[in-house]
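*Asks:* Next up is a structure, given as structure tokens.
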Amino acid sequence: QVQLVESGGGLVQPGGSLRLSCAASGIIFSPYTMGWYRQVPGKQRELVAAITSGGSTNYADSVKGRLTISRDNAKNTVYLQMNSLKPEDTAVYYCNLNPAIGVAWGQGTQVTVSS
């Protein structure tokens with residue numbers, strides 16, 4: 001059974017930084033494109049960053065230049081470095097395959113940006 005476990009969230013002031021991690025078990029994820037998604041109450045989950053098996057990356061316009069996705073295939077882990085955080089980045093952040101088909105969502109990790 002595939003499990004995705006996100007960690008690293010927290011409360012941070014505007015302009016601050018966080019590094020999120022997502023550890024995958026039950027799957028060798030190196031062949032797959034992985035993504036970081038986020039969701040706020042009342043809104044649909046949105047893809048904010050993706051990384052292919054070869055390391056090519058893609059970002060939502062709202063996070064370009066501030067968030068960086070990376071992966072360590074040996075550790076089955078994907079990361080999201082978040083810099084220059086804004087209050088509008090407040091959300092629960094999840095990782096999954098991209099597209100997110102066939103793998104259950106983890107519990108996510110809450111990121112709150114507030115002074």
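Please note that chains go A, B, ... in the order of the structure tokens, that every chain numbers its residues from 1, and that ligands are numbered from 1 in the order shown.
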Check the DSSP output for the backbone and give back, as a count of residues only, the residues of chain A in helix (DSSP H, G or I).

*Replies:* 9

*Asks:* Near Ser84 of chain A, within 7 Å and counting only C-alpha atoms, which residues show up once chain neighbours fewer than 4 positions away are dropped, as an NGL selection string?

*Replies:* :A and (14-17 or 66)

*Asks:* Considering only C-alpha atoms, can you say which of A:Leu4, A:Val40, A:Leu18, A:Ile69 comes closest to Thr90 of chain A?

*Replies:*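 Once distances to Thr90 of chain A are computed over only C-alpha atoms, the minimum belongs to A:Val40.
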
*Asks:* Which neighbours of Gly106 of chain A fall inside 7 Å, counting only C-alpha atoms, when residues of the same chain fewer than 5 positions from it are skipped, and could you give them as a list of chain:residue names?

*Replies:*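 Those residues are A:Gln3, A:Leu4, A:Val5, A:Glu6, A:Tyr94.
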
*Asks:* Determine the nearest neighbour of Leu67 of chain A from the options A:Met82, A:Ala50, A:Val111, A:Ile101, counting only C-alpha atoms.

*Replies:*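 Among the listed residues, A:Met82 lies closest to Leu67 of chain A.
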
*Asks:* Where does DSSP see strand (DSSP E or B) in chain A, if you list the residues as a ChimeraX atom specification?

*Replies:* /A:3-7,10-12,18-25,34-39,46-51,57-59,67-72,77-82,91-97,109-113

*Asks:* Find the residues around segment 20-26 of chain A up to 7 Å (only C-alpha atoms counted), leave out those fewer than 4 positions away in its own chain, and share them as a VMD selection string.

*Replies:* chain A and resid 1 to 9 76 to 81 95

*Asks:* Find the residue from A:Asn96, A:Ser115, A:Gln13, A:Thr109 that sits nearest to Ala49 of chain A; use only C-alpha atoms when measuring.

*Replies:*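 Smallest distance to Ala49 of chain A is found for A:Asn96.
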
*Asks:* Find the residues around Thr52 of chain A up to 8 Å (only C-alpha atoms counted), leave out those fewer than 2 positions away in its own chain, and share them as an mmCIF file with all heavy atoms, in the first residue's frame.

*Replies:*
data_model
loop_
_atom_site.group_PDB
_atom_site.id
_atom_site.type_symbol
_atom_site.label_atom_id
_atom_site.label_comp_id
_atom_site.auth_asym_id
_atom_site.auth_seq_id
_atom_site.Cartn_x
_atom_site.Cartn_y
_atom_site.Cartn_z
ATOM 1 N N TYR A 32 8.191 8.499 -11.729
ATOM 2 C CA TYR A 32 6.996 9.321 -11.781
ATOM 3 C C TYR A 32 7.284 10.805 -11.606
ATOM 4 O O TYR A 32 8.195 11.200 -10.889
ATOM 5 C CB TYR A 32 6.002 8.901 -10.694
ATOM 6 C CG TYR A 32 5.554 7.469 -10.805
ATOM 7 C CD1 TYR A 32 6.109 6.471 -9.996
ATOM 8 C CD2 TYR A 32 4.572 7.103 -11.717
ATOM 9 C CE1 TYR A 32 5.703 5.157 -10.103
ATOM 10 C CE2 TYR A 32 4.160 5.785 -11.828
ATOM 11 C CZ TYR A 32 4.735 4.825 -11.019
ATOM 12 O OH TYR A 32 4.329 3.521 -11.133
ATOM 13 N N THR A 33 6.445 11.613 -12.272
ATOM 14 C CA THR A 33 6.409 13.032 -11.960
ATOM 15 C C THR A 33 5.703 13.206 -10.629
ATOM 16 O O THR A 33 4.631 12.633 -10.411
ATOM 17 C CB THR A 33 5.677 13.815 -13.058
ATOM 18 O OG1 THR A 33 6.410 13.697 -14.274
ATOM 19 C CG2 THR A 33 5.539 15.281 -12.687
ATOM 20 N N MET A 34 6.316 13.986 -9.749
ATOM 21 C CA MET A 34 5.740 14.239 -8.427
ATOM 22 C C MET A 34 5.330 15.705 -8.332
ATOM 23 O O MET A 34 5.923 16.576 -8.974
ATOM 24 C CB MET A 34 6.752 13.929 -7.327
ATOM 25 C CG MET A 34 7.173 12.476 -7.269
ATOM 26 S SD MET A 34 5.805 11.358 -6.878
ATOM 27 C CE MET A 34 5.367 11.900 -5.219
ATOM 28 N N ALA A 50 5.775 20.920 -9.677
ATOM 29 C CA ALA A 50 5.924 19.535 -10.128
ATOM 30 C C ALA A 50 7.355 19.312 -10.572
ATOM 31 O O ALA A 50 8.033 20.240 -11.024
ATOM 32 C CB ALA A 50 4.951 19.228 -11.261
ATOM 33 N N GLY A 54 13.199 13.175 -14.535
ATOM 34 C CA GLY A 54 14.496 13.702 -14.962
ATOM 35 C C GLY A 54 14.915 14.992 -14.282
ATOM 36 O O GLY A 54 15.999 15.503 -14.538
ATOM 37 N N GLY A 55 14.045 15.512 -13.438
ATOM 38 C CA GLY A 55 14.394 16.704 -12.678
ATOM 39 C C GLY A 55 13.887 18.016 -13.252
ATOM 40 O O GLY A 55 14.170 19.088 -12.695
ATOM 41 N N SER A 56 13.136 17.971 -14.354
ATOM 42 C CA SER A 56 12.548 19.205 -14.873
ATOM 43 C C SER A 56 11.434 19.657 -13.952
ATOM 44 O O SER A 56 10.684 18.831 -13.421
ATOM 45 C CB SER A 56 11.995 18.973 -16.276
ATOM 46 O OG SER A 56 13.036 18.650 -17.160
ATOM 47 N N THR A 57 11.326 20.972 -13.782
ATOM 48 C CA THR A 57 10.363 21.504 -12.819
ATOM 49 C C THR A 57 9.380 22.452 -13.481
ATOM 50 O O THR A 57 9.658 23.027 -14.544
ATOM 51 C CB THR A 57 11.075 22.249 -11.675
ATOM 52 O OG1 THR A 57 11.886 23.290 -12.232
ATOM 53 C CG2 THR A 57 11.957 21.293 -10.883
#

*Asks:* Restricting the calculation to only C-alpha atoms, which member of A:Pro87, A:Gly65, A:Gly10, A:Gly35 is positioned closest to Pro99 of chain A?

*Replies:* A:Gly35

*Asks:* Considering only C-alpha atoms, can you say which of A:Tyr37, A:Ala60, A:Lys75, A:Tyr93 comes closest to Gln107 of chain A?

*Replies:*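 Among the listed residues, the smallest separation from Gln107 of chain A belongs to A:Tyr93.
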
*Asks:* Kindly give the distance, in Å, that separates atom CA of Val63 of chain A and atom CA of Val48 of chain A, rounded to a single decimal.

*Replies:*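 For atom CA of Val63 of chain A relative to atom CA of Val48 of chain A, the distance reads 7.0 Å.
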
*Asks:* Between atom CA of Glu46 of chain A and atom CA of Ile27 of chain A, what is the distance, to one decimal in Å?

*Replies:* 23.2 Å
